[in-house]
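See below for the structure under consideration.
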Amino acid sequence: MTESKDTTAIPVAISGIDVMRGVGAVRAKGFWADAWGRVLKRPGAIFGMCWIGVIAFFAVFGPIVANAHPLTLVRVGAGGTAMREWPLFANLTPTDWALLIGCIVGLPWIFIGPRSLTRAQRLGIFVVAALQVGFTIVIAGAIVGWAQDPSRAEWVKAFARSGAGPWTIIGVISLLFAMAAAWIPTVDSRRVRVGAAVLALLVGWGLSGASGGATLINFERYLEDEQSGAIREVTWTLIPWSPQYSRSDMVAIAPGERVADV
């Protein structure tokens, strides 16, 4: 004996009036849901996204994975006083910091940000803010470097090399880019656009003026200081090597080991 199935809930045919009432209608997918569904159906697209993800990971976290500056160390001062230092973070460039902040803070904000904004709007705000910070760092750094060049006029060099000179130049550049970013219609709310532009202004200004990144000519000083006892408890990165550093034997040192113990 077979069981009969109830098919009354799913009409075989519906009238035009039923269509107008929404009978049988299926909720449409959003743009991002539809696009993501199409991507997951294509192996080539998945492979391409994975490859881009690997490149993006090393672009952002490369200076932390491979760096000839130790992650941390303890410097022994006069009288045996010890002070913890973080050379790697102290020598990150403004671009390194901008990428880290954008990846760690910005990307999660796109997906779990305020529900008053759509994901597309949050993405637009993030892209504009990232461009604003990036242009601020590049243009401000170029202008400060130009003003500090020995061939510039004396008053230009004096201003650019003074304590407030670089901060003033960077502040003006940051303000100009913030004003431009606030006019880009990422959202209808002017308050949101201005708030995002001001936040990006502070990030770009602070990173450009306060970050390190000065080229260290002699990386051997860490080895010499450790062997002489001037520093101890040196912790290296996963690959203790930088593009400016040519000693390949340092690559064989395991994380956490000291040169004196190798």
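Identifiers for the structure tokens are assigned positionally: chains receive A, B, ... in sequence, residues are indexed from 1 per chain, and ligands are indexed from 1 in the order shown.
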Self-check item: Shell of 9 Å around Ala200 (chain A), only C-alpha atoms, local chain residues under 2 positions omitted, as a ChimeraX atom specification
Solution: /A:129-130,132-133,174,178,195-198,202-205
Who sits within 10 Å of Glu257 (chain A), only C-alpha atoms, same chain under 5 positions skipped, as a short mmCIF file (atom, residue, chain, number, x, y, z; two decimals) with all heavy atoms, in the first residue's frame:
data_model
loop_
_atom_site.label_atom_id
_atom_site.label_comp_id
_atom_site.auth_asym_id
_atom_site.auth_seq_id
_atom_site.Cartn_x
_atom_site.Cartn_y
_atom_site.Cartn_z
N GLU A 233 67.76 37.82 25.71
CA GLU A 233 66.39 37.35 25.45
C GLU A 233 65.89 37.85 24.10
O GLU A 233 64.78 38.37 23.97
CB GLU A 233 65.44 37.80 26.57
CG GLU A 233 65.81 37.26 27.94
CD GLU A 233 64.84 37.72 29.02
OE1 GLU A 233 63.70 38.13 28.66
OE2 GLU A 233 65.21 37.68 30.20
N VAL A 234 66.74 37.68 23.09
CA VAL A 234 66.39 38.14 21.75
C VAL A 234 65.49 37.10 21.09
O VAL A 234 65.83 35.92 21.03
CB VAL A 234 67.65 38.37 20.89
CG1 VAL A 234 67.27 38.88 19.51
CG2 VAL A 234 68.59 39.34 21.59
N THR A 235 64.35 37.54 20.60
CA THR A 235 63.41 36.67 19.89
C THR A 235 63.31 37.13 18.45
O THR A 235 62.90 38.26 18.19
CB THR A 235 62.02 36.70 20.54
OG1 THR A 235 62.13 36.30 21.91
CG2 THR A 235 61.07 35.75 19.82
N TRP A 236 63.68 36.24 17.53
CA TRP A 236 63.67 36.58 16.12
C TRP A 236 62.33 36.22 15.49
O TRP A 236 61.53 35.48 16.06
CB TRP A 236 64.80 35.86 15.38
CG TRP A 236 66.16 36.19 15.89
CD1 TRP A 236 66.87 35.50 16.82
CD2 TRP A 236 66.95 37.31 15.53
NE1 TRP A 236 68.07 36.11 17.06
CE2 TRP A 236 68.16 37.23 16.27
CE3 TRP A 236 66.79 38.37 14.64
CZ2 TRP A 236 69.17 38.17 16.15
CZ3 TRP A 236 67.80 39.30 14.52
CH2 TRP A 236 68.98 39.20 15.27
N VAL A 262 73.85 29.04 19.18
CA VAL A 262 73.90 28.28 17.93
C VAL A 262 75.31 27.80 17.66
O VAL A 262 76.25 28.56 17.79
CB VAL A 262 73.39 29.15 16.77
CG1 VAL A 262 73.50 28.39 15.46
CG2 VAL A 262 71.96 29.56 17.02
#
Region 29-130 of chain A residues near region 207-211 of chain A within 8 Å, closest pair each, using only C-alpha atoms, as a Markdown table:
| residue | atom | partner | partner_atom | distance |
| --- | --- | --- | --- | --- |
| A:Ala90 | CA | A:Ser211 | CA | 7.3 |
| A:Asn91 | CA | A:Ser211 | CA | 7.4 |
| A:Leu92 | CA | A:Ser211 | CA | 6.8 |
| A:Thr93 | CA | A:Ser211 | CA | 5.9 |
| A:Pro94 | CA | A:Leu207 | CA | 5.1 |
| A:Trp97 | CA | A:Leu207 | CA | 7.2 |
| A:Ala98 | CA | A:Leu207 | CA | 7.5 |
Can you write out the residues you just picked, keeping all heavy atoms, as a compact mmCIF listing (two decimals), in the first residue's frame?
# COMPACT_ATOMS: atom_id res chain seq x y z
N ALA A 90 59.11 48.97 15.98
CA ALA A 90 59.64 50.33 15.95
C ALA A 90 60.16 50.71 14.57
O ALA A 90 60.26 51.90 14.25
CB ALA A 90 60.76 50.48 16.98
N ASN A 91 60.49 49.72 13.74
CA ASN A 91 61.06 49.99 12.42
C ASN A 91 60.10 49.70 11.27
O ASN A 91 60.51 49.70 10.12
CB ASN A 91 62.34 49.17 12.24
CG ASN A 91 63.50 49.70 13.05
OD1 ASN A 91 64.20 50.61 12.63
ND2 ASN A 91 63.69 49.15 14.24
N LEU A 92 58.84 49.42 11.56
CA LEU A 92 57.86 49.26 10.49
C LEU A 92 57.61 50.61 9.82
O LEU A 92 57.57 51.65 10.47
CB LEU A 92 56.54 48.70 11.03
CG LEU A 92 56.54 47.24 11.48
CD1 LEU A 92 55.17 46.86 12.01
CD2 LEU A 92 56.95 46.31 10.35
N THR A 93 57.43 50.59 8.53
CA THR A 93 57.18 51.82 7.78
C THR A 93 55.71 52.21 7.90
O THR A 93 54.86 51.39 8.29
CB THR A 93 57.54 51.62 6.30
OG1 THR A 93 56.64 50.65 5.73
CG2 THR A 93 58.97 51.13 6.14
N PRO A 94 55.37 53.45 7.56
CA PRO A 94 53.95 53.84 7.56
C PRO A 94 53.08 52.95 6.68
O PRO A 94 51.94 52.65 7.03
CB PRO A 94 53.99 55.28 7.04
CG PRO A 94 55.34 55.78 7.42
CD PRO A 94 56.25 54.60 7.29
N TRP A 97 52.30 49.70 8.56
CA TRP A 97 51.28 49.90 9.58
C TRP A 97 49.90 50.09 8.94
O TRP A 97 48.89 49.58 9.46
CB TRP A 97 51.62 51.11 10.44
CG TRP A 97 52.61 50.83 11.52
CD1 TRP A 97 53.88 51.31 11.62
CD2 TRP A 97 52.41 50.01 12.68
NE1 TRP A 97 54.49 50.83 12.75
CE2 TRP A 97 53.61 50.03 13.43
CE3 TRP A 97 51.34 49.25 13.15
CZ2 TRP A 97 53.76 49.33 14.62
CZ3 TRP A 97 51.49 48.55 14.34
CH2 TRP A 97 52.68 48.60 15.06
N ALA A 98 49.84 50.80 7.83
CA ALA A 98 48.56 51.03 7.17
C ALA A 98 47.96 49.71 6.68
O ALA A 98 46.75 49.48 6.82
CB ALA A 98 48.74 52.00 6.01
Quiz item: Out of A:Gly206, A:Gly113, A:Gly124, A:Gly102, which residue has the shortest atom-to-atom distance to Thr136 (chain A) when counting only C-alpha atoms?
Solution: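 Using only C-alpha atoms, the shortest distance to Thr136 (chain A) belongs to A:Gly206.
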Practice problem: With a distance cut-off of 9 Å and only C-alpha atoms, select the neighbouring residues of region 58-74 of chain A, excluding the residue or stretch itself and same-chain residues fewer than 6 positions from it, and output the selection as a ChimeraX atom specification. | Solution: /A:82-89,91-92,96-97,99-100,103,219,222,230-245,250
Practice problem: Taking the DSSP assignment computed from this structure's backbone, write out as number ranges by chain all residues of region 12-239 of chain A that belong to alpha helix (DSSP H). | Solution: A: 16-21, 31-40, 43-65, 87-90, 94-101, 107-112, 119-147, 154-160, 165-182, 190-210, 220-228
